[in-house]
$ cat start.tsv   # TSV, C-alpha atoms and all ligand atoms
chain	number	residue	atom	x	y	z
A	1394	MET	CA	1.03	5.74	18.88
A	1395	ILE	CA	-0.92	4.85	15.72
A	1396	THR	CA	-0.87	7.17	12.70
A	1397	VAL	CA	-3.15	6.51	9.72
A	1398	HIS	CA	-1.89	8.01	6.48
A	1399	HIS	CA	-5.30	8.69	5.02
A	1400	LEU	CA	-5.98	9.39	1.35
A	1401	ASN	CA	-9.35	11.01	0.66
A	1402	ASN	CA	-12.04	8.70	-0.79
A	1403	SER	CA	-9.99	5.58	-0.34
A	1404	ARG	CA	-9.52	2.24	1.34
A	1405	SER	CA	-7.94	3.87	4.36
A	1406	GLN	CA	-11.47	4.77	5.44
A	1407	ARG	CA	-11.77	1.13	6.57
A	1408	ILE	CA	-8.78	1.51	8.89
A	1409	LEU	CA	-10.29	4.58	10.54
A	1410	TRP	CA	-13.51	2.62	11.02
A	1411	LEU	CA	-11.64	-0.37	12.49
A	1412	LEU	CA	-9.78	1.87	14.95
A	1413	GLU	CA	-13.07	3.48	15.98
A	1414	GLU	CA	-14.64	0.03	16.53
A	1415	LEU	CA	-11.60	-0.94	18.61
A	1416	GLY	CA	-11.80	2.29	20.63
A	1417	LEU	CA	-8.10	3.06	20.05
A	1418	ASP	CA	-6.45	6.48	20.00
A	1419	TYR	CA	-4.94	7.40	16.67
A	1420	GLU	CA	-3.77	10.33	14.63
A	1421	VAL	CA	-4.86	10.99	11.03
A	1422	LYS	CA	-2.42	12.44	8.50
A	1423	ARG	CA	-4.35	13.46	5.39
A	1424	TYR	CA	-3.30	13.20	1.76
A	1425	GLN	CA	-5.30	14.49	-1.19
A	1426	ARG	CA	-5.71	12.71	-4.53
A	1427	ASN	CA	-4.65	14.57	-7.67
A	1428	ALA	CA	-7.94	15.92	-9.05
A	1429	GLN	CA	-7.08	14.92	-12.64
A	1430	THR	CA	-5.36	11.57	-12.27
A	1431	MET	CA	-6.93	10.58	-8.94
A	1432	LEU	CA	-3.50	9.24	-7.92
A	1433	ALA	CA	-2.05	9.67	-4.45
A	1434	PRO	CA	0.43	12.55	-3.95
A	1435	PRO	CA	4.17	11.70	-4.05
A	1436	GLU	CA	4.54	12.49	-0.31
A	1437	LEU	CA	2.90	9.15	0.45
A	1438	ARG	CA	5.93	7.41	-1.09
A	1439	ALA	CA	8.05	8.84	1.69
A	1440	VAL	CA	6.00	6.73	4.11
A	1441	HIS	CA	5.93	3.52	2.01
A	1442	PRO	CA	7.71	2.95	-1.35
A	1443	LEU	CA	4.45	2.10	-3.19
A	1444	GLY	CA	2.77	5.32	-2.04
A	1445	LYS	CA	-0.65	3.64	-1.77
A	1446	SER	CA	-3.24	4.09	0.90
A	1447	PRO	CA	-3.72	2.84	3.53
A	1448	VAL	CA	-0.41	2.99	5.31
A	1449	VAL	CA	-0.30	2.95	9.08
A	1450	THR	CA	2.61	3.58	11.39
A	1451	VAL	CA	2.48	1.92	14.79
A	1452	ASP	CA	5.25	2.80	17.24
A	1453	GLY	CA	7.71	3.31	14.38
A	1454	LEU	CA	6.61	0.20	12.44
A	1455	THR	CA	5.16	0.84	8.97
A	1456	LEU	CA	2.23	-1.36	7.92
A	1457	ALA	CA	0.75	-1.44	4.42
A	1458	GLU	CA	-1.87	-3.50	2.56
A	1459	SER	CA	-5.31	-3.07	4.07
A	1460	GLY	CA	-6.02	-6.78	4.68
A	1461	ALA	CA	-2.74	-7.18	6.57
A	1462	ILE	CA	-3.31	-3.98	8.56
A	1463	VAL	CA	-6.82	-5.08	9.54
A	1464	GLU	CA	-5.65	-8.58	10.49
A	1465	ILE	CA	-2.75	-7.29	12.62
A	1466	LEU	CA	-4.72	-4.57	14.43
A	1467	ALA	CA	-7.76	-6.78	15.05
A	1468	ASP	CA	-5.59	-9.63	16.40
A	1469	ARG	CA	-3.60	-7.30	18.64
A	1470	HIS	CA	-6.42	-5.17	19.94
A	1471	GLY	CA	-9.71	-6.96	19.21
A	1472	ALA	CA	-9.50	-9.25	22.27
A	1473	GLY	CA	-11.66	-11.82	20.52
A	1474	LYS	CA	-14.28	-9.21	19.67
A	1475	LEU	CA	-13.56	-8.32	16.05
A	1476	ALA	CA	-11.27	-11.26	15.25
A	1477	PRO	CA	-12.45	-14.80	16.07
A	1478	ALA	CA	-9.92	-16.88	18.04
A	1479	ALA	CA	-7.36	-18.81	15.97
A	1480	ASP	CA	-8.87	-22.20	16.91
A	1481	SER	CA	-12.54	-21.20	16.50
A	1482	PRO	CA	-14.65	-22.47	13.55
A	1483	GLN	CA	-15.45	-18.86	12.63
A	1484	ARG	CA	-11.77	-18.12	11.99
A	1485	VAL	CA	-11.84	-19.98	8.66
A	1486	ARG	CA	-14.69	-17.91	7.26
A	1487	TYR	CA	-13.22	-14.78	8.83
A	1488	LEU	CA	-9.89	-15.17	7.03
A	1489	TYR	CA	-11.61	-16.15	3.78
A	1490	TRP	CA	-13.66	-12.93	3.63
A	1491	LEU	CA	-10.86	-10.77	4.99
A	1492	HIS	CA	-8.77	-11.80	1.97
A	1493	PHE	CA	-11.61	-12.15	-0.54
A	1494	ALA	CA	-12.23	-8.39	-0.38
A	1495	GLU	CA	-8.91	-7.37	-2.00
A	1496	GLY	CA	-8.03	-10.69	-3.65
A	1497	THR	CA	-11.25	-11.46	-5.54
A	1498	ALA	CA	-13.91	-8.76	-5.13
A	1499	GLN	CA	-11.79	-5.70	-5.83
A	1500	PRO	CA	-9.88	-6.54	-9.06
A	1501	PRO	CA	-12.88	-6.62	-11.46
A	1502	LEU	CA	-14.24	-3.46	-9.82
A	1503	LEU	CA	-10.96	-1.70	-10.53
A	1504	LEU	CA	-11.08	-2.96	-14.12
A	1505	LYS	CA	-14.60	-1.57	-14.46
A	1506	LEU	CA	-13.39	1.83	-13.29
A	1507	LEU	CA	-10.49	1.78	-15.76
A	1508	PHE	CA	-12.46	0.57	-18.79
A	1509	ASP	CA	-15.25	3.07	-18.12
A	1510	ARG	CA	-12.64	5.83	-18.08
A	1511	ILE	CA	-11.11	4.56	-21.31
A	1512	LYS	CA	-14.58	4.58	-22.90
A	1513	HIS	CA	-15.48	8.09	-21.83
A	1514	ARG	CA	-12.17	9.93	-21.59
A	1515	SER	CA	-10.01	8.72	-24.48
A	1516	PRO	CA	-8.99	11.38	-27.02
A	1517	LEU	CA	-11.85	11.93	-29.45
A	1518	PHE	CA	-10.05	10.61	-32.55
A	1519	VAL	CA	-9.50	7.15	-30.99
A	1520	ARG	CA	-12.65	7.02	-28.90
A	1521	PRO	CA	-14.73	4.72	-31.15
A	1522	ILE	CA	-11.94	2.11	-31.15
A	1523	ALA	CA	-11.22	2.55	-27.46
A	1524	ARG	CA	-14.91	2.17	-26.74
A	1525	ALA	CA	-15.18	-1.03	-28.77
A	1526	ILE	CA	-12.19	-2.61	-26.99
A	1527	ALA	CA	-13.42	-1.49	-23.56
A	1528	ASP	CA	-16.93	-2.83	-24.23
A	1529	LYS	CA	-15.53	-6.18	-25.32
A	1530	ALA	CA	-13.45	-6.49	-22.13
A	1531	LEU	CA	-16.34	-5.34	-19.95
A	1532	GLU	CA	-18.85	-7.75	-21.50
A	1533	SER	CA	-16.61	-10.79	-21.80
A	1534	PHE	CA	-14.77	-10.62	-18.47
A	1535	VAL	CA	-15.33	-7.72	-16.12
A	1536	LEU	CA	-19.12	-7.57	-15.73
A	1537	PRO	CA	-19.64	-11.37	-15.53
A	1538	ASN	CA	-17.02	-11.56	-12.77
A	1539	ILE	CA	-18.56	-8.69	-10.81
A	1540	GLY	CA	-21.97	-10.33	-11.19
A	1541	ARG	CA	-20.80	-13.77	-10.05
A	1542	ASN	CA	-18.98	-12.28	-7.06
A	1543	LEU	CA	-22.05	-10.29	-5.99
A	1544	ASP	CA	-24.37	-13.30	-6.39
A	1545	PHE	CA	-21.99	-15.37	-4.28
A	1546	MET	CA	-21.74	-12.73	-1.54
A	1547	GLU	CA	-25.51	-12.34	-1.54
A	1548	SER	CA	-26.04	-16.07	-1.07
A	1549	GLU	CA	-23.40	-16.27	1.69
A	1550	LEU	CA	-25.17	-13.55	3.67
A	1551	GLY	CA	-28.21	-15.84	3.55
A	1552	ARG	CA	-26.28	-18.31	5.75
A	1553	ASN	CA	-25.23	-15.84	8.44
A	1554	GLU	CA	-25.97	-12.27	9.40
A	1555	TRP	CA	-22.32	-11.23	8.90
A	1556	PHE	CA	-19.63	-12.52	6.57
A	1557	ALA	CA	-17.70	-14.56	9.15
A	1558	GLY	CA	-20.77	-15.79	11.05
A	1559	PRO	CA	-23.37	-14.54	13.49
A	1560	GLN	CA	-20.98	-11.93	14.99
A	1561	PHE	CA	-19.85	-8.71	13.35
A	1562	SER	CA	-16.09	-8.94	12.68
A	1563	ALA	CA	-13.21	-7.10	11.06
A	1564	ALA	CA	-13.94	-9.14	7.90
A	1565	ASP	CA	-17.14	-7.08	7.53
A	1566	ILE	CA	-15.07	-3.91	7.73
A	1567	GLN	CA	-12.75	-5.22	5.02
A	1568	MET	CA	-15.73	-6.26	2.84
A	1569	SER	CA	-17.33	-2.81	3.07
A	1570	PHE	CA	-15.12	-1.20	0.43
A	1571	PRO	CA	-15.82	-3.57	-2.51
A	1572	LEU	CA	-19.53	-3.42	-1.74
A	1573	GLU	CA	-19.51	0.37	-1.58
A	1574	ALA	CA	-17.52	0.42	-4.82
A	1575	ALA	CA	-19.97	-2.00	-6.47
A	1576	ARG	CA	-22.85	0.20	-5.49
A	1577	ALA	CA	-21.12	3.35	-6.79
A	1578	ARG	CA	-19.92	1.75	-10.05
A	1579	GLY	CA	-22.96	-0.32	-10.88
A	1580	GLY	CA	-23.71	-3.99	-10.42
A	1581	LEU	CA	-25.04	-3.86	-6.88
A	1582	GLY	CA	-28.75	-3.10	-6.81
A	1583	GLU	CA	-32.22	-4.53	-6.17
A	1584	LYS	CA	-31.11	-8.03	-7.15
A	1585	HIS	CA	-28.94	-8.18	-4.01
A	1586	PRO	CA	-31.16	-7.15	-1.09
A	1587	ARG	CA	-28.98	-8.72	1.61
A	1588	LEU	CA	-25.91	-6.83	0.41
A	1589	LEU	CA	-27.86	-3.57	0.36
A	1590	GLN	CA	-29.11	-4.30	3.86
A	1591	PHE	CA	-25.52	-5.05	4.94
A	1592	LEU	CA	-24.47	-1.60	3.70
A	1593	ASP	CA	-27.38	0.07	5.53
A	1594	LYS	CA	-26.44	-1.71	8.75
A	1595	ILE	CA	-22.75	-0.83	8.64
A	1596	HIS	CA	-23.47	2.79	7.73
A	1597	ALA	CA	-25.66	3.09	10.81
A	1598	ARG	CA	-22.92	1.91	13.19
A	1599	PRO	CA	-21.72	4.77	15.44
A	1600	ALA	CA	-18.07	3.81	14.87
A	1601	TYR	CA	-18.54	3.98	11.07
A	1602	ARG	CA	-20.02	7.47	11.37
A	1603	ARG	CA	-17.26	8.65	13.68
A	1604	ALA	CA	-14.69	7.35	11.18
A	1605	VAL	CA	-16.30	9.33	8.35
A	1606	GLU	CA	-16.17	12.44	10.54
A	1607	ARG	CA	-12.47	11.88	11.24
A	1608	GLY	CA	-11.58	11.07	7.62
A	1609	GLY	CA	-13.61	13.76	5.86
A	1610	GLU	CA	-15.23	13.45	2.45
A	1611	TYR	CA	-15.87	9.80	1.48
A	1612	ALA	CA	-17.40	9.28	-1.94
A	1613	LEU	CA	-16.14	6.40	-4.02
A	1614	MET	CA	-15.02	6.87	-7.61
A	1615	LYS	CA	-17.50	5.90	-10.33
B	1	LIG	N1	-4.50	-3.85	-2.11
B	1	LIG	C1	-4.06	-2.57	-1.59
B	1	LIG	C2	-4.51	-1.51	-2.58
B	1	LIG	C3	-4.01	-0.13	-2.23
B	1	LIG	C4	-4.54	0.91	-3.21
B	1	LIG	O1	-4.55	0.73	-4.43
B	1	LIG	N2	-4.99	2.05	-2.67
B	1	LIG	C5	-5.55	3.11	-3.48
B	1	LIG	C6	-6.59	3.86	-2.67
B	1	LIG	S1	-8.15	3.12	-2.61
B	1	LIG	C7	-4.49	4.15	-3.80
B	1	LIG	O2	-3.61	4.40	-3.01
B	1	LIG	N3	-4.64	4.80	-4.96
B	1	LIG	C8	-3.86	5.92	-5.35
B	1	LIG	C9	-2.71	5.56	-6.25
B	1	LIG	O3	-2.63	4.43	-6.73
B	1	LIG	O4	-1.88	6.46	-6.47
B	1	LIG	C10	-4.68	-2.39	-0.21
B	1	LIG	O5	-5.74	-2.96	0.06
B	1	LIG	O6	-4.08	-1.72	0.64

$ encode --input "start.tsv" --output "structure tokens" --more "lines below"
Ligand SMILES: N[C@@H](CCC(=O)N[C@@H](CS)C(=O)NCC(=O)O)C(=O)O
Amino acid sequence: MITVHHLNNSRSQRILWLLEELGLDYEVKRYQRNAQTMLAPPELRAVHPLGKSPVVTVDGLTLAESGAIVEILADRHGAGKLAPAADSPQRVRYLYWLHFAEGTAQPPLLLKLLFDRIKHRSPLFVRPIARAIADKALESFVLPNIGRNLDFMESELGRNEWFAGPQFSAADIQMSFPLEAARARGGLGEKHPRLLQFLDKIHARPAYRRAVERGGEYALMK
């Protein structure tokens, strides 16, 4: 039995989508973010010490870290459909993008979220200073990195229809979250038509829509 410990508006949406693509039975246990802090509730720490989402339990085994969960489930249940075979040329690109999503694409997007909050939500008496520091970090590091990552992803989708090659794969599922975050937080727009088209295509997939129905509200933080 597979249980997805699902936090609202979070990366665990990808796991629901993967399970729908794989046609597997699963149970969803929902957790709600704190409305002020947006952090996960402490109950999630009873499932995994870090209390982050996603966490999945499979026959008593606890799996965390979305890239690892996607890799394990796709290898076990994809039957060559969502995960290219270990000796295939596509496997190299597949693993690259599967890990790029959390390793390279996501960190500057998280920094953007944090610095934007510092700019707009610091106590009033320190806000001008907080704003100046946040702007400096955004301009010198965060925004250039987001821009370079998006330009790179855009050019790579010019080589193949999907990230790992001509076939849709679990790497596309893993890449969905940073692209959705980049669209919500700014950076992804008209300059990146292939990435926008990628989002339109994945959002139209029946399995994606079923996953949103199972998971409930899915709107990424700005
Ligand atoms: N790299 C981890 C990141 C996990 C993570 O930060 N998850 C967020 C949800 S998108 C979370 O649990 N946030 C709530 C919190 O930190 O309390 C993964 O991909 O699984």

$ atom_distance --input "start.tsv" --atom1 "atom CA of A:Trp1410" --atom2 "atom CA of A:Leu1572"
15.3 Å

$ closest_atom_pairs --input "start.tsv" --of "chain A" --to "ligand LIG 1 (chain B)" --cutoff "8 Å" --atoms "all atoms listed in the file" --output "Markdown table"
| residue | atom | partner | partner_atom | distance |
| --- | --- | --- | --- | --- |
| A:Leu1400 | CA | B:LIG1 | C6 | 6.9 |
| A:Asn1402 | CA | B:LIG1 | S1 | 7.0 |
| A:Ser1403 | CA | B:LIG1 | S1 | 3.8 |
| A:Arg1404 | CA | B:LIG1 | S1 | 4.3 |
| A:Ser1405 | CA | B:LIG1 | S1 | 7.0 |
| A:Arg1426 | CA | B:LIG1 | C8 | 7.1 |
| A:Met1431 | CA | B:LIG1 | C8 | 6.6 |
| A:Leu1432 | CA | B:LIG1 | O4 | 3.5 |
| A:Ala1433 | CA | B:LIG1 | O4 | 3.8 |
| A:Pro1434 | CA | B:LIG1 | O4 | 7.0 |
| A:Gly1444 | CA | B:LIG1 | O2 | 6.5 |
| A:Lys1445 | CA | B:LIG1 | O2 | 3.3 |
| A:Ser1446 | CA | B:LIG1 | O2 | 3.9 |
| A:Pro1447 | CA | B:LIG1 | O6 | 5.4 |
| A:Val1448 | CA | B:LIG1 | O6 | 7.6 |
| A:Ala1457 | CA | B:LIG1 | O6 | 6.1 |
| A:Glu1458 | CA | B:LIG1 | O6 | 3.4 |
| A:Ser1459 | CA | B:LIG1 | O6 | 3.9 |
| A:Gly1460 | CA | B:LIG1 | O5 | 6.0 |
| A:Glu1495 | CA | B:LIG1 | N1 | 5.6 |
| A:Gly1496 | CA | B:LIG1 | N1 | 7.8 |

$ closest_residue --input "start.tsv" --among "A:Asn1542, A:Ser1562, A:Thr1396, A:Asn1401" --to "A:Val1421" --atoms "all atoms listed in the file"
A:Thr1396

$ residues_near_point --input "start.tsv" --point "(-18.1, 4.5, 17.2)" --cutoff "6 Å" --atoms "all atoms listed in the file" --output "CSV table (one decimal) with C-alpha atoms, in the coordinates of the input"
chain,number,residue,atom,x,y,z
A,1413,GLU,CA,-13.1,3.5,16.0
A,1414,GLU,CA,-14.6,0.0,16.5
A,1599,PRO,CA,-21.7,4.8,15.4
A,1600,ALA,CA,-18.1,3.8,14.9
A,1603,ARG,CA,-17.3,8.6,13.7

$ closest_residue --input "start.tsv" --among "A:Arg1514, A:Arg1541, A:Arg1587, A:Lys1505" --to "A:Ala1574" --atoms "all atoms listed in the file"
A:Lys1505

$ atom_distance --input "start.tsv" --atom1 "atom CA of A:Pro1521" --atom2 "atom CA of A:Ala1428"
25.7 Å

$ atom_distance --input "start.tsv" --atom1 "atom CA of A:Glu1583" --atom2 "atom CA of A:Glu1610"
26.2 Å

$ closest_residue --input "start.tsv" --among "A:Phe1508, A:Phe1591, A:Phe1556, A:Tyr1601" --to "A:Val1485" --atoms "all atoms listed in the file"
A:Phe1556

$ residues_around --input "start.tsv" --residues "A:Leu1504" --least-positions-apart "4" --cutoff "9 Å" --atoms "all atoms listed in the file" --output "list of chain:residue names"
A:Gln1499, A:Pro1500, A:Phe1508, A:Asp1509, A:Leu1531, A:Val1535

$ closest_residue --input "start.tsv" --among "A:Pro1501, A:Pro1571, A:Gly1558, A:Gly1580" --to "A:Leu1475" --atoms "only C-alpha atoms"
A:Gly1558

$ closest_residue --input "start.tsv" --among "A:Ala1467, A:Leu1437, A:Ala1575, A:Val1605" --to "A:Tyr1424" --atoms "all atoms listed in the file"
A:Leu1437

$ residues_around --input "start.tsv" --residues "A:Ala1479" --least-positions-apart "5" --cutoff "12 Å" --atoms "all atoms listed in the file" --output "list of chain:residue names"
A:Glu1464, A:Asp1468, A:Ala1472, A:Gly1473, A:Arg1484, A:Val1485, A:Arg1486, A:Tyr1487, A:Leu1488

$ write_last_selection --input "start.tsv" --atoms "C-alpha atoms" --output "mmCIF file, in the coordinates of the input"
data_model
loop_
_atom_site.group_PDB
_atom_site.id
_atom_site.type_symbol
_atom_site.label_atom_id
_atom_site.label_comp_id
_atom_site.auth_asym_id
_atom_site.auth_seq_id
_atom_site.Cartn_x
_atom_site.Cartn_y
_atom_site.Cartn_z
ATOM 1 C CA GLU A 1464 -5.650 -8.580 10.490
ATOM 2 C CA ASP A 1468 -5.590 -9.630 16.400
ATOM 3 C CA ALA A 1472 -9.500 -9.250 22.270
ATOM 4 C CA GLY A 1473 -11.660 -11.820 20.520
ATOM 5 C CA ARG A 1484 -11.770 -18.120 11.990
ATOM 6 C CA VAL A 1485 -11.840 -19.980 8.660
ATOM 7 C CA ARG A 1486 -14.690 -17.910 7.260
ATOM 8 C CA TYR A 1487 -13.220 -14.780 8.830
ATOM 9 C CA LEU A 1488 -9.890 -15.170 7.030
#

$ closest_atom_pairs --input "start.tsv" --of "stretch 1441-1534 of chain A" --to "stretch 1545-1550 of chain A" --cutoff "12 Å" --atoms "only C-alpha atoms" --output "tab-separated table"
residue	atom	partner	partner_atom	distance
A:Arg1486	CA	A:Glu1549	CA	10.5
A:Tyr1489	CA	A:Met1546	CA	11.9
A:Trp1490	CA	A:Met1546	CA	9.6
A:Phe1493	CA	A:Met1546	CA	10.2
A:Ala1494	CA	A:Met1546	CA	10.5
A:Thr1497	CA	A:Met1546	CA	11.3
A:Ala1498	CA	A:Met1546	CA	9.5

$ residues_near_point --input "start.tsv" --point "(-5.4, 4.0, 12.6)" --cutoff "7 Å" --atoms "all atoms listed in the file" --output "JSON, numbers by chain"
{"A": [1395, 1396, 1397, 1408, 1409, 1412, 1419, 1420, 1449]}

$ residues_around --input "start.tsv" --residues "A:His1492" --least-positions-apart "6" --cutoff "9 Å" --atoms "all atoms listed in the file" --output "list in words"
Gly1460, Ala1461, Ala1564, Gln1567 and Met1568 of chain A
